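So this one's my_file_8.txt, compact mmCIF, C-alpha atoms:
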```
# COMPACT_ATOMS: atom_id res chain seq x y z
CA MET V 1 -70.79 -79.47 -205.89
CA LYS V 2 -68.14 -77.19 -204.46
CA VAL V 3 -67.69 -79.49 -201.44
CA LYS V 4 -67.17 -82.47 -203.72
CA LEU V 5 -64.58 -80.58 -205.72
CA ILE V 6 -62.64 -79.56 -202.59
CA ALA V 7 -62.83 -83.09 -201.21
CA GLY V 8 -61.55 -84.40 -204.53
CA ILE V 9 -58.63 -82.01 -204.56
CA LEU V 10 -57.75 -82.87 -200.96
CA LEU V 11 -57.82 -86.58 -201.76
CA LEU V 12 -55.56 -85.98 -204.74
CA ILE V 13 -53.08 -84.02 -202.60
CA THR V 14 -53.07 -86.75 -199.95
CA VAL V 15 -52.40 -89.45 -202.54
CA VAL V 16 -49.58 -87.40 -204.05
CA VAL V 17 -48.00 -86.71 -200.64
CA VAL V 18 -48.25 -90.32 -199.49
CA SER V 19 -46.85 -91.68 -202.73
CA CYS V 20 -44.05 -89.13 -202.50
CA GLN V 21 -42.87 -90.68 -199.26
CA SER V 22 -40.32 -93.33 -199.93
CA ASP V 23 -40.75 -96.85 -198.58
CA GLU V 24 -38.00 -96.10 -196.06
CA GLN V 25 -39.84 -93.05 -194.77
CA VAL V 26 -43.07 -95.02 -194.40
CA GLU V 27 -41.24 -97.78 -192.54
CA PHE V 28 -39.50 -95.25 -190.30
CA SER V 29 -42.75 -93.48 -189.37
CA ARG V 30 -44.43 -96.79 -188.60
CA TYR V 31 -41.60 -97.94 -186.31
CA TYR V 32 -41.13 -94.53 -184.68
CA SER V 33 -44.77 -93.91 -183.77
CA GLY V 34 -45.22 -97.47 -182.48
CA GLY V 35 -42.01 -97.10 -180.50
CA SER V 36 -43.25 -93.93 -178.84
CA SER V 37 -46.08 -95.72 -177.04
CA ILE V 38 -43.88 -98.71 -176.13
CA TYR V 39 -41.38 -96.25 -174.63
CA GLN V 40 -44.10 -94.65 -172.50
CA GLN V 41 -45.24 -98.03 -171.20
CA HIS V 42 -41.93 -99.77 -170.61
CA CYS V 43 -39.12 -97.21 -170.37
CA GLN V 44 -40.35 -93.78 -169.37
CA ASN V 45 -40.80 -94.32 -165.61
CA CYS V 46 -37.07 -94.88 -165.25
CA HIS V 47 -35.47 -93.09 -168.21
CA GLY V 48 -37.83 -90.12 -168.13
CA GLU V 49 -40.12 -88.35 -170.57
CA LYS V 50 -37.20 -86.64 -172.29
CA GLY V 51 -34.76 -89.54 -171.87
CA GLU V 52 -33.09 -87.59 -169.09
CA GLY V 53 -32.52 -90.57 -166.73
CA LEU V 54 -32.39 -90.07 -162.96
CA GLN V 55 -29.36 -88.52 -161.26
CA SER V 56 -26.53 -91.12 -161.07
CA LEU V 57 -28.97 -94.03 -160.73
CA ILE V 58 -30.43 -94.33 -164.21
CA PRO V 59 -28.50 -93.24 -167.30
CA PRO V 60 -29.97 -90.77 -169.78
CA LEU V 61 -30.61 -91.86 -173.36
CA THR V 62 -29.06 -88.74 -174.83
CA ASP V 63 -25.50 -90.01 -175.44
CA SER V 64 -25.61 -90.27 -179.24
CA ILE V 65 -22.01 -91.44 -179.46
CA TYR V 66 -22.57 -94.31 -177.01
CA LEU V 67 -25.73 -95.35 -178.89
CA LYS V 68 -23.91 -95.26 -182.26
CA ASN V 69 -20.93 -97.23 -180.96
CA ASN V 70 -23.21 -99.86 -179.44
CA LYS V 71 -25.91 -99.90 -182.11
CA THR V 72 -25.78 -103.64 -182.75
CA LEU V 73 -25.79 -104.45 -178.99
CA LEU V 74 -28.87 -102.38 -178.07
CA ALA V 75 -31.36 -105.17 -178.88
CA CYS V 76 -29.46 -107.53 -176.56
CA PHE V 77 -29.48 -104.93 -173.76
CA LEU V 78 -33.28 -104.91 -173.92
CA LYS V 79 -33.60 -108.68 -174.30
CA ASN V 80 -31.17 -109.71 -171.53
CA GLY V 81 -30.91 -106.61 -169.40
CA LEU V 82 -27.73 -104.65 -168.72
CA LYS V 83 -25.36 -104.99 -165.79
CA GLY V 84 -21.96 -103.56 -164.95
CA LYS V 85 -20.17 -100.28 -165.38
CA ILE V 86 -20.98 -98.07 -168.37
CA ILE V 87 -19.92 -94.51 -169.18
CA ILE V 88 -22.76 -92.32 -170.45
CA ASN V 89 -22.24 -88.62 -171.14
CA LYS V 90 -18.84 -88.93 -169.39
CA ARG V 91 -20.54 -90.16 -166.19
CA GLU V 92 -20.29 -93.61 -164.66
CA PHE V 93 -23.37 -95.79 -164.08
CA ASP V 94 -23.30 -99.29 -162.64
CA ASP V 95 -26.82 -100.24 -161.60
CA GLU V 96 -28.73 -103.04 -163.22
CA MET V 97 -31.40 -102.73 -165.88
CA LYS V 98 -33.73 -105.72 -165.76
CA PRO V 99 -34.79 -107.30 -169.05
CA ASP V 100 -38.33 -106.58 -170.16
CA GLU V 101 -40.52 -109.07 -171.96
CA LEU V 102 -40.67 -107.36 -175.33
CA ALA V 103 -41.20 -109.11 -178.67
CA PRO V 104 -38.47 -108.53 -181.32
CA ILE V 105 -40.79 -106.24 -183.29
CA GLU V 106 -41.43 -104.17 -180.15
CA ILE V 107 -37.67 -103.97 -179.49
CA ALA V 108 -37.17 -102.73 -183.06
CA LYS V 109 -39.86 -100.09 -182.69
CA VAL V 110 -38.72 -98.78 -179.32
CA LEU V 111 -35.06 -98.69 -180.45
CA THR V 112 -36.09 -96.71 -183.51
CA TYR V 113 -37.89 -94.30 -181.21
CA VAL V 114 -35.02 -93.90 -178.72
CA THR V 115 -32.28 -93.63 -181.33
CA ASN V 116 -34.22 -90.90 -183.13
CA SER V 117 -35.42 -88.92 -180.11
CA PHE V 118 -33.74 -86.89 -177.35
CA GLY V 119 -31.25 -85.41 -179.84
CA ASN V 120 -30.35 -88.76 -181.46
CA LYS V 121 -30.71 -89.33 -185.20
CA MET V 122 -29.76 -92.83 -186.30
CA GLY V 123 -32.54 -93.80 -188.71
CA VAL V 124 -34.66 -96.94 -188.57
CA ILE V 125 -33.72 -100.08 -186.61
CA ASN V 126 -36.08 -102.62 -188.20
CA LEU V 127 -37.13 -106.16 -187.33
CA GLN V 128 -34.54 -107.79 -189.60
CA MET V 129 -31.70 -105.84 -187.97
CA VAL V 130 -32.96 -106.67 -184.47
CA GLU V 131 -33.29 -110.37 -185.26
CA GLY V 132 -29.77 -110.40 -186.68
CA ASP V 133 -28.35 -108.61 -183.63
CA MET V 134 -30.25 -110.83 -181.20
CA ALA V 135 -28.84 -113.98 -182.78
CA LYS V 136 -25.40 -112.74 -181.70
CA CYS V 137 -26.33 -111.85 -178.10
CA ARG V 138 -23.68 -112.88 -175.62
CA MET Q 1 -54.83 -40.66 -130.47
CA MET Q 2 -51.74 -42.39 -131.77
CA ARG Q 3 -52.37 -45.32 -129.46
CA LYS Q 4 -55.96 -45.61 -130.65
CA LEU Q 5 -54.84 -45.75 -134.26
CA THR Q 6 -52.28 -48.42 -133.48
CA LEU Q 7 -54.95 -50.45 -131.71
CA ILE Q 8 -57.30 -50.19 -134.67
CA GLY Q 9 -54.43 -51.15 -136.93
CA ILE Q 10 -53.65 -54.24 -134.89
CA MET Q 11 -57.31 -55.24 -134.78
CA ALA Q 12 -57.68 -54.82 -138.52
CA PHE Q 13 -54.54 -56.86 -139.11
CA ALA Q 14 -55.71 -59.60 -136.74
CA LEU Q 15 -59.08 -59.72 -138.48
CA LEU Q 16 -57.50 -59.89 -141.91
CA SER Q 17 -54.93 -62.49 -141.02
CA SER Q 18 -57.54 -64.64 -139.27
CA CYS Q 19 -59.61 -64.56 -142.45
CA THR Q 20 -56.75 -65.50 -144.73
CA SER Q 21 -55.50 -68.24 -142.43
CA LYS Q 22 -58.96 -69.77 -142.38
CA SER Q 23 -59.30 -69.89 -146.15
CA ASN Q 24 -55.75 -71.18 -146.51
CA ARG Q 25 -56.00 -74.03 -144.02
CA LEU Q 26 -55.34 -77.55 -145.22
CA PRO Q 27 -57.88 -80.20 -144.21
CA ILE Q 28 -57.06 -82.75 -141.51
CA LEU Q 29 -57.41 -86.30 -142.83
CA GLY Q 30 -57.86 -89.63 -141.08
CA SER Q 31 -60.48 -90.79 -138.60
CA LYS Q 32 -61.91 -88.33 -136.11
CA ASN Q 33 -63.04 -89.13 -132.58
CA PRO Q 34 -65.23 -86.91 -130.47
CA VAL Q 35 -63.88 -86.97 -126.94
CA THR Q 36 -66.06 -85.79 -124.11
CA LYS Q 37 -64.22 -84.57 -121.04
CA THR Q 38 -65.36 -82.98 -117.85
CA VAL Q 39 -63.64 -79.64 -117.35
CA ASP Q 40 -64.50 -77.60 -114.23
CA GLY Q 41 -67.67 -79.62 -113.76
CA LYS Q 42 -68.84 -78.99 -117.34
CA GLN Q 43 -69.07 -81.48 -120.19
CA VAL Q 44 -66.78 -80.43 -123.06
CA THR Q 45 -66.69 -82.25 -126.39
CA ASP Q 46 -63.49 -82.02 -128.35
CA THR Q 47 -62.48 -83.67 -131.63
CA THR Q 48 -59.23 -85.59 -131.77
CA TYR Q 49 -57.73 -86.60 -135.08
CA ALA Q 50 -55.79 -89.71 -135.96
CA THR Q 51 -52.06 -89.20 -135.45
CA ILE Q 52 -49.03 -91.17 -136.61
CA PRO Q 53 -48.02 -93.43 -133.69
CA ASP Q 54 -44.45 -93.60 -132.38
CA PHE Q 55 -42.00 -95.64 -134.44
CA LYS Q 56 -38.38 -96.66 -134.55
CA PHE Q 57 -36.43 -96.99 -137.80
CA VAL Q 58 -32.81 -96.56 -138.91
CA ASN Q 59 -31.81 -94.01 -141.57
CA GLN Q 60 -29.17 -94.24 -144.31
CA TYR Q 61 -26.47 -93.05 -141.89
CA GLY Q 62 -27.28 -95.82 -139.38
CA ASP Q 63 -28.93 -93.35 -136.97
CA THR Q 64 -32.04 -94.45 -135.08
CA ILE Q 65 -35.03 -92.30 -136.00
CA THR Q 66 -38.15 -92.17 -133.83
CA ALA Q 67 -41.21 -89.93 -133.84
CA LYS Q 68 -39.31 -87.72 -131.40
CA ASN Q 69 -36.82 -86.78 -134.13
CA LEU Q 70 -39.78 -85.25 -135.96
CA ASP Q 71 -41.05 -83.11 -133.09
CA GLY Q 72 -41.54 -79.57 -134.37
CA LYS Q 73 -41.14 -80.69 -137.98
CA ILE Q 74 -43.46 -80.93 -140.96
CA TYR Q 75 -42.67 -83.98 -143.06
CA VAL Q 76 -43.59 -85.99 -146.16
CA ALA Q 77 -43.56 -89.80 -146.11
CA ASP Q 78 -43.58 -92.38 -148.89
CA PHE Q 79 -42.87 -96.09 -149.48
CA PHE Q 80 -40.42 -97.47 -152.03
CA PHE Q 81 -37.62 -99.96 -152.61
CA THR Q 82 -34.32 -99.37 -154.38
CA THR Q 83 -34.70 -102.14 -156.99
CA CYS Q 84 -38.26 -101.08 -157.88
CA PRO Q 85 -38.60 -101.29 -161.66
CA SER Q 86 -41.95 -99.56 -161.96
CA ILE Q 87 -43.11 -96.39 -160.25
CA CYS Q 88 -40.33 -95.63 -157.74
CA PRO Q 89 -37.89 -93.88 -160.10
CA LEU Q 90 -40.75 -91.68 -161.25
CA MET Q 91 -41.83 -90.97 -157.65
CA HIS Q 92 -38.35 -90.03 -156.57
CA ARG Q 93 -37.70 -87.95 -159.68
CA ASN Q 94 -40.70 -85.91 -158.48
CA MET Q 95 -39.67 -86.07 -154.80
CA LEU Q 96 -36.33 -84.51 -155.75
CA ASN Q 97 -38.27 -81.31 -156.51
CA VAL Q 98 -39.69 -81.33 -152.97
CA TYR Q 99 -36.19 -81.98 -151.60
CA LYS Q 100 -34.64 -79.14 -153.60
CA GLU Q 101 -37.35 -76.72 -152.48
CA PHE Q 102 -37.06 -77.38 -148.72
CA LYS Q 103 -33.62 -78.91 -148.12
CA ASP Q 104 -32.38 -75.86 -146.23
CA ASP Q 105 -35.34 -75.86 -143.84
CA ASN Q 106 -34.36 -77.70 -140.66
CA ASN Q 107 -38.03 -77.97 -139.65
CA PHE Q 108 -38.84 -80.08 -142.70
CA ARG Q 109 -38.05 -83.73 -143.51
CA ILE Q 110 -38.74 -86.37 -146.15
CA LEU Q 111 -39.09 -89.99 -144.94
CA SER Q 112 -38.87 -92.78 -147.51
CA HIS Q 113 -39.56 -96.20 -146.02
CA THR Q 114 -38.16 -99.21 -147.85
CA ILE Q 115 -40.64 -102.08 -148.10
CA ASP Q 116 -37.81 -104.49 -149.01
CA PRO Q 117 -35.65 -104.41 -145.84
CA LYS Q 118 -33.93 -107.68 -146.74
CA TYR Q 119 -32.21 -106.20 -149.80
CA ASP Q 120 -32.30 -102.52 -148.87
CA THR Q 121 -29.88 -102.62 -145.94
CA VAL Q 122 -28.46 -99.40 -144.47
CA PRO Q 123 -25.40 -99.40 -146.80
CA VAL Q 124 -27.66 -100.01 -149.82
CA LEU Q 125 -29.84 -97.06 -148.76
CA LYS Q 126 -26.74 -94.87 -148.33
CA ARG Q 127 -25.52 -95.82 -151.79
CA TYR Q 128 -28.95 -94.99 -153.22
CA ALA Q 129 -28.94 -91.62 -151.43
CA ASP Q 130 -25.47 -90.80 -152.80
CA LYS Q 131 -26.52 -91.68 -156.34
CA MET Q 132 -29.67 -89.62 -156.00
CA GLY Q 133 -27.53 -86.69 -154.89
CA ILE Q 134 -29.21 -86.58 -151.45
CA ALA Q 135 -26.95 -85.12 -148.76
CA GLY Q 136 -27.47 -83.95 -145.18
CA ASN Q 137 -30.48 -84.78 -143.04
CA SER Q 138 -33.45 -83.43 -144.95
CA TRP Q 139 -34.29 -86.73 -146.72
CA TRP Q 140 -34.10 -89.89 -144.65
CA LEU Q 141 -34.29 -93.35 -146.23
CA LEU Q 142 -35.59 -95.61 -143.49
CA HIS Q 143 -34.88 -99.26 -142.80
CA GLY Q 144 -36.97 -101.28 -140.35
CA ASN Q 145 -38.39 -104.74 -139.97
CA LYS Q 146 -41.20 -105.59 -142.31
CA GLY Q 147 -43.92 -105.67 -139.64
CA ASP Q 148 -43.05 -102.19 -138.39
CA THR Q 149 -42.92 -100.71 -141.89
CA TYR Q 150 -46.15 -102.35 -143.04
CA GLY Q 151 -47.76 -101.28 -139.75
CA ILE Q 152 -46.78 -97.63 -140.12
CA ALA Q 153 -47.99 -97.72 -143.74
CA LYS Q 154 -51.49 -98.38 -142.41
CA SER Q 155 -51.25 -95.29 -140.18
CA TYR Q 156 -50.40 -93.30 -143.31
CA LEU Q 157 -53.50 -94.83 -144.97
CA GLN Q 158 -51.21 -96.61 -147.42
CA SER Q 159 -51.48 -100.07 -148.86
CA VAL Q 160 -48.32 -102.14 -149.24
CA GLN Q 161 -48.22 -105.86 -149.90
CA GLU Q 162 -45.80 -108.73 -149.79
CA ARG Q 163 -43.90 -109.73 -152.91
CA ASN Q 164 -46.36 -111.25 -155.40
CA PRO Q 165 -45.66 -114.48 -157.32
CA ALA Q 166 -44.07 -112.48 -160.14
CA GLY Q 167 -41.48 -111.26 -157.63
CA GLN Q 168 -42.82 -107.73 -157.46
CA TYR Q 169 -43.99 -105.65 -154.56
CA ILE Q 170 -47.27 -103.83 -154.92
CA HIS Q 171 -47.43 -100.50 -153.18
CA ASP Q 172 -49.21 -97.18 -153.39
CA GLY Q 173 -47.30 -94.30 -154.87
CA PHE Q 174 -48.63 -91.60 -152.58
CA PHE Q 175 -46.71 -88.86 -150.80
CA ILE Q 176 -48.28 -88.16 -147.38
CA LEU Q 177 -48.00 -84.75 -145.73
CA ILE Q 178 -47.77 -84.75 -141.90
CA ASP Q 179 -47.97 -81.68 -139.68
CA LYS Q 180 -46.14 -80.89 -136.43
CA GLN Q 181 -49.01 -82.46 -134.45
CA LYS Q 182 -48.37 -85.68 -136.45
CA ARG Q 183 -51.72 -85.46 -138.23
CA ILE Q 184 -52.25 -86.27 -141.92
CA ARG Q 185 -52.86 -83.06 -143.87
CA GLY Q 186 -52.75 -84.31 -147.46
CA THR Q 187 -52.03 -87.23 -149.79
CA TYR Q 188 -50.58 -86.72 -153.27
CA GLU Q 189 -50.04 -89.10 -156.20
CA GLY Q 190 -46.24 -89.18 -156.28
CA THR Q 191 -46.09 -90.25 -159.92
CA ASP Q 192 -47.91 -87.11 -161.12
CA PRO Q 193 -45.73 -83.97 -161.39
CA LYS Q 194 -48.81 -81.73 -161.11
CA GLU Q 195 -49.84 -83.34 -157.80
CA VAL Q 196 -46.29 -82.93 -156.52
CA ASP Q 197 -46.38 -79.22 -157.47
CA LYS Q 198 -49.53 -78.99 -155.36
CA LEU Q 199 -47.73 -80.75 -152.50
CA ILE Q 200 -44.96 -78.13 -152.62
CA ALA Q 201 -47.56 -75.34 -152.54
CA ASP Q 202 -49.44 -77.05 -149.69
CA ILE Q 203 -46.25 -77.40 -147.61
CA LYS Q 204 -45.80 -73.63 -147.88
CA THR Q 205 -49.43 -73.09 -146.84
CA LEU Q 206 -49.07 -75.50 -143.93
CA LYS Q 207 -45.85 -73.88 -142.72
CA ALA Q 208 -47.69 -70.55 -142.52
CA GLU Q 209 -50.62 -71.86 -140.43
CA PRO Q 210 -50.47 -70.13 -137.01
CA GLU Q 211 -50.80 -73.50 -135.25
CA GLN Q 212 -47.72 -74.79 -137.10
CA VAL Q 213 -45.74 -71.60 -136.58
CA ALA Q 214 -46.46 -71.82 -132.83
CA ALA Q 215 -45.71 -75.54 -132.46
CA LYS Q 216 -42.25 -76.49 -131.27
```

Output the file's structure in the form of structure tokens.
Amino acid sequence: MKVKLIAGILLLITVVVVSCQSDEQVEFSRYYSGGSSIYQQHCQNCHGEKGEGLQSLIPPLTDSIYLKNNKTLLACFLKNGLKGKIIINKREFDDEMKPDELAPIEIAKVLTYVTNSFGNKMGVINLQMVEGDMAKCR
Amino acid sequence: MMRKLTLIGIMAFALLSSCTSKSNRLPILGSKNPVTKTVDGKQVTDTTYATIPDFKFVNQYGDTITAKNLDGKIYVADFFFTTCPSICPLMHRNMLNVYKEFKDDNNFRILSHTIDPKYDTVPVLKRYADKMGIAGNSWWLLHGNKGDTYGIAKSYLQSVQERNPAGQYIHDGFFILIDKQKRIRGTYEGTDPKEVDKLIADIKTLKAEPEQVAAK
């Protein structure tokens, strides 16, 4: 009897907590947690567990200002790769990043993860945003 | 009396140090061959271990490097290529820790063989070294023809393959520890930071082995 009561109360609390989360928060959590495992599989070997990069070969993912300024280009970087000189954390990088075969939804998830990890806080980058950005890839 | 005490002291020290060196010895890997020789009319059986054969490669400075350049040195070898999109950045992120730990030891080297000699020419290797922050002579990036590199990989018990249809090279990510007698003393998964910590500890153990201390 007591067990049932406790279980009931717990269920009630869970329902209240979940319903308290806004749709945006639910969407964010879904993208972020999915992005975490995509990052481990596709990005971490080069960019590092903490987004630290590798010396002057591979840029870190910790330059929040660069990410903000290039927010709408990030999806294209992943789709088509990135070549040429870039300045990250005031340091120059000019090696090539090869494109990876990621679906738009995976790009959205991993971008949400990266832009909200390693000291970055940019909110969700969802599928609609990625599809819009990718239509304008150069 | 004093002399006797000193003698006992030396004996005790010798006993102790022989015990510790035994328990702290690294294994010798690779194939073993019993060799029977006749010494002073008696049959003596000795075990010889596989050693890394002589080689000739060129480092990032354009200097020719042979096995002779490694006489009296303990070294770690691995295989990579500069455009490797998969495990190499991770391996060399970990190898940097080995480099930092031993870069001031002139009796220690790191040898990274490129398995893509067509793209990874000497200037490309130098550029890679500069970007990695590798200076001096403690970490050599070695260029050689494909046959030589793939051949030496076998001596290190490593598997490397030609570019597959997807345009990627398949290669093992191991770091191989070689002693001053050019024998294999350990292999470590270069992508695993814990294994690389063990490699660093094992290098220290190996350096302290009496046989290594004595070898020139």

Radius query 9 Å about (-36.0, -101.2, -180.4), atoms used: only C-alpha atoms, as a compact mmCIF listing (two decimals) with C-alpha atoms, in the coordinates of the input:
```txt
# COMPACT_ATOMS: atom_id res chain seq x y z
CA TYR V 31 -41.60 -97.94 -186.31
CA GLY V 35 -42.01 -97.10 -180.50
CA LEU V 74 -28.87 -102.38 -178.07
CA ALA V 75 -31.36 -105.17 -178.88
CA LEU V 78 -33.28 -104.91 -173.92
CA PRO V 104 -38.47 -108.53 -181.32
CA ILE V 105 -40.79 -106.24 -183.29
CA GLU V 106 -41.43 -104.17 -180.15
CA ILE V 107 -37.67 -103.97 -179.49
CA ALA V 108 -37.17 -102.73 -183.06
CA LYS V 109 -39.86 -100.09 -182.69
CA VAL V 110 -38.72 -98.78 -179.32
CA LEU V 111 -35.06 -98.69 -180.45
CA THR V 112 -36.09 -96.71 -183.51
CA TYR V 113 -37.89 -94.30 -181.21
CA VAL V 114 -35.02 -93.90 -178.72
CA THR V 115 -32.28 -93.63 -181.33
CA ILE V 125 -33.72 -100.08 -186.61
CA ASN V 126 -36.08 -102.62 -188.20
CA LEU V 127 -37.13 -106.16 -187.33
CA VAL V 130 -32.96 -106.67 -184.47
```

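Atom CA of Tyr156 of chain Q is found 7.2 Å from atom CA of Ile52 of chain Q.
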
> From the set V:Thr72, V:Gln55, V:Asn80, V:Thr62, which residue has the shortest atom-to-atom contact distance to Gly133 of chain Q, counting all atoms listed in the file?
Replying inline: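 Between V:Thr72, V:Gln55, V:Asn80, V:Thr62, the residue approaching Gly133 of chain Q most closely is V:Gln55.
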
>> Can you tell me which residues surround Glu92 of chain V at a distance of at most 12 Å, considering all atoms listed in the file, apart from same-chain residues fewer than 6 positions away, and format the answer as a ChimeraX atom specification?
In response: /V:55-60,84-86 /Q:131

>> Using only C-alpha atoms, I'd like every residue of chain V that has an atom within 9 Å of chain Q; please write them out as an MDAnalysis selection string.
In response: chainID V and resid 42 44:48 54:58 96:98

> What lies within 12 Å of Leu29 of chain Q using all atoms listed in the file, ignoring chain neighbours under 3 positions off, as a list in words?
Replying inline: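 Contacts, in chain order: Leu26, Lys32, Thr48, Tyr49, Ala50, Thr51, Ile52, Ser155, Tyr156, Leu157, Ile176, Leu177, Ile178, Asp179, Lys182, Arg183, Ile184, Arg185, Gly186 and Thr187 of chain Q.
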
Please output segment 102-122 of chain V, rebuilt to include N, CA and C atoms, as a PDB file, in the frame of the given file.
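Printed below is rebuild17.pdb as written:
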```
ATOM      1  N   LEU V 102     -40.227-107.999-174.101  1.00  0.00           N
ATOM      2  CA  LEU V 102     -40.670-107.360-175.330  1.00  0.00           C
ATOM      3  C   LEU V 102     -40.426-108.310-176.503  1.00  0.00           C
ATOM      4  N   ALA V 103     -41.362-108.326-177.452  1.00  0.00           N
ATOM      5  CA  ALA V 103     -41.200-109.110-178.670  1.00  0.00           C
ATOM      6  C   ALA V 103     -40.163-108.405-179.554  1.00  0.00           C
ATOM      7  N   PRO V 104     -39.471-109.159-180.439  1.00  0.00           N
ATOM      8  CA  PRO V 104     -38.470-108.530-181.320  1.00  0.00           C
ATOM      9  C   PRO V 104     -39.003-107.308-182.077  1.00  0.00           C
ATOM     10  N   ILE V 105     -40.243-107.376-182.538  1.00  0.00           N
ATOM     11  CA  ILE V 105     -40.790-106.240-183.290  1.00  0.00           C
ATOM     12  C   ILE V 105     -40.958-105.011-182.380  1.00  0.00           C
ATOM     13  N   GLU V 106     -41.299-105.283-181.095  1.00  0.00           N
ATOM     14  CA  GLU V 106     -41.430-104.170-180.150  1.00  0.00           C
ATOM     15  C   GLU V 106     -40.050-103.570-179.832  1.00  0.00           C
ATOM     16  N   ILE V 107     -39.047-104.446-179.726  1.00  0.00           N
ATOM     17  CA  ILE V 107     -37.670-103.970-179.490  1.00  0.00           C
ATOM     18  C   ILE V 107     -37.244-103.075-180.656  1.00  0.00           C
ATOM     19  N   ALA V 108     -37.544-103.519-181.880  1.00  0.00           N
ATOM     20  CA  ALA V 108     -37.170-102.730-183.060  1.00  0.00           C
ATOM     21  C   ALA V 108     -37.849-101.356-183.025  1.00  0.00           C
ATOM     22  N   LYS V 109     -39.122-101.357-182.696  1.00  0.00           N
ATOM     23  CA  LYS V 109     -39.860-100.090-182.690  1.00  0.00           C
ATOM     24  C   LYS V 109     -39.338 -99.132-181.619  1.00  0.00           C
ATOM     25  N   VAL V 110     -39.129 -99.664-180.406  1.00  0.00           N
ATOM     26  CA  VAL V 110     -38.720 -98.780-179.320  1.00  0.00           C
ATOM     27  C   VAL V 110     -37.274 -98.302-179.537  1.00  0.00           C
ATOM     28  N   LEU V 111     -36.430 -99.139-180.144  1.00  0.00           N
ATOM     29  CA  LEU V 111     -35.060 -98.690-180.450  1.00  0.00           C
ATOM     30  C   LEU V 111     -35.072 -97.611-181.518  1.00  0.00           C
ATOM     31  N   THR V 112     -35.959 -97.768-182.495  1.00  0.00           N
ATOM     32  CA  THR V 112     -36.090 -96.710-183.510  1.00  0.00           C
ATOM     33  C   THR V 112     -36.519 -95.404-182.859  1.00  0.00           C
ATOM     34  N   TYR V 113     -37.445 -95.525-181.917  1.00  0.00           N
ATOM     35  CA  TYR V 113     -37.890 -94.300-181.210  1.00  0.00           C
ATOM     36  C   TYR V 113     -36.750 -93.648-180.435  1.00  0.00           C
ATOM     37  N   VAL V 114     -36.066 -94.459-179.601  1.00  0.00           N
ATOM     38  CA  VAL V 114     -35.020 -93.900-178.720  1.00  0.00           C
ATOM     39  C   VAL V 114     -33.856 -93.333-179.534  1.00  0.00           C
ATOM     40  N   THR V 115     -33.453 -94.068-180.581  1.00  0.00           N
ATOM     41  CA  THR V 115     -32.280 -93.630-181.330  1.00  0.00           C
ATOM     42  C   THR V 115     -32.593 -92.492-182.315  1.00  0.00           C
ATOM     43  N   ASN V 116     -33.846 -92.048-182.306  1.00  0.00           N
ATOM     44  CA  ASN V 116     -34.220 -90.900-183.130  1.00  0.00           C
ATOM     45  C   ASN V 116     -34.977 -89.846-182.324  1.00  0.00           C
ATOM     46  N   SER V 117     -34.828 -89.914-180.994  1.00  0.00           N
ATOM     47  CA  SER V 117     -35.420 -88.920-180.110  1.00  0.00           C
ATOM     48  C   SER V 117     -34.317 -88.377-179.214  1.00  0.00           C
ATOM     49  N   PHE V 118     -34.657 -87.419-178.377  1.00  0.00           N
ATOM     50  CA  PHE V 118     -33.740 -86.890-177.350  1.00  0.00           C
ATOM     51  C   PHE V 118     -32.418 -86.383-177.960  1.00  0.00           C
ATOM     52  N   GLY V 119     -32.467 -85.913-179.196  1.00  0.00           N
ATOM     53  CA  GLY V 119     -31.250 -85.410-179.840  1.00  0.00           C
ATOM     54  C   GLY V 119     -30.496 -86.463-180.638  1.00  0.00           C
ATOM     55  N   ASN V 120     -31.003 -87.708-180.665  1.00  0.00           N
ATOM     56  CA  ASN V 120     -30.350 -88.760-181.460  1.00  0.00           C
ATOM     57  C   ASN V 120     -30.969 -88.820-182.857  1.00  0.00           C
ATOM     58  N   LYS V 121     -30.186 -89.241-183.838  1.00  0.00           N
ATOM     59  CA  LYS V 121     -30.710 -89.330-185.200  1.00  0.00           C
ATOM     60  C   LYS V 121     -29.984 -90.454-185.934  1.00  0.00           C
ATOM     61  N   MET V 122     -30.469 -91.683-185.737  1.00  0.00           N
ATOM     62  CA  MET V 122     -29.760 -92.830-186.300  1.00  0.00           C
ATOM     63  C   MET V 122     -30.550 -93.584-187.369  1.00  0.00           C
TER      64      MET V 122
END
```
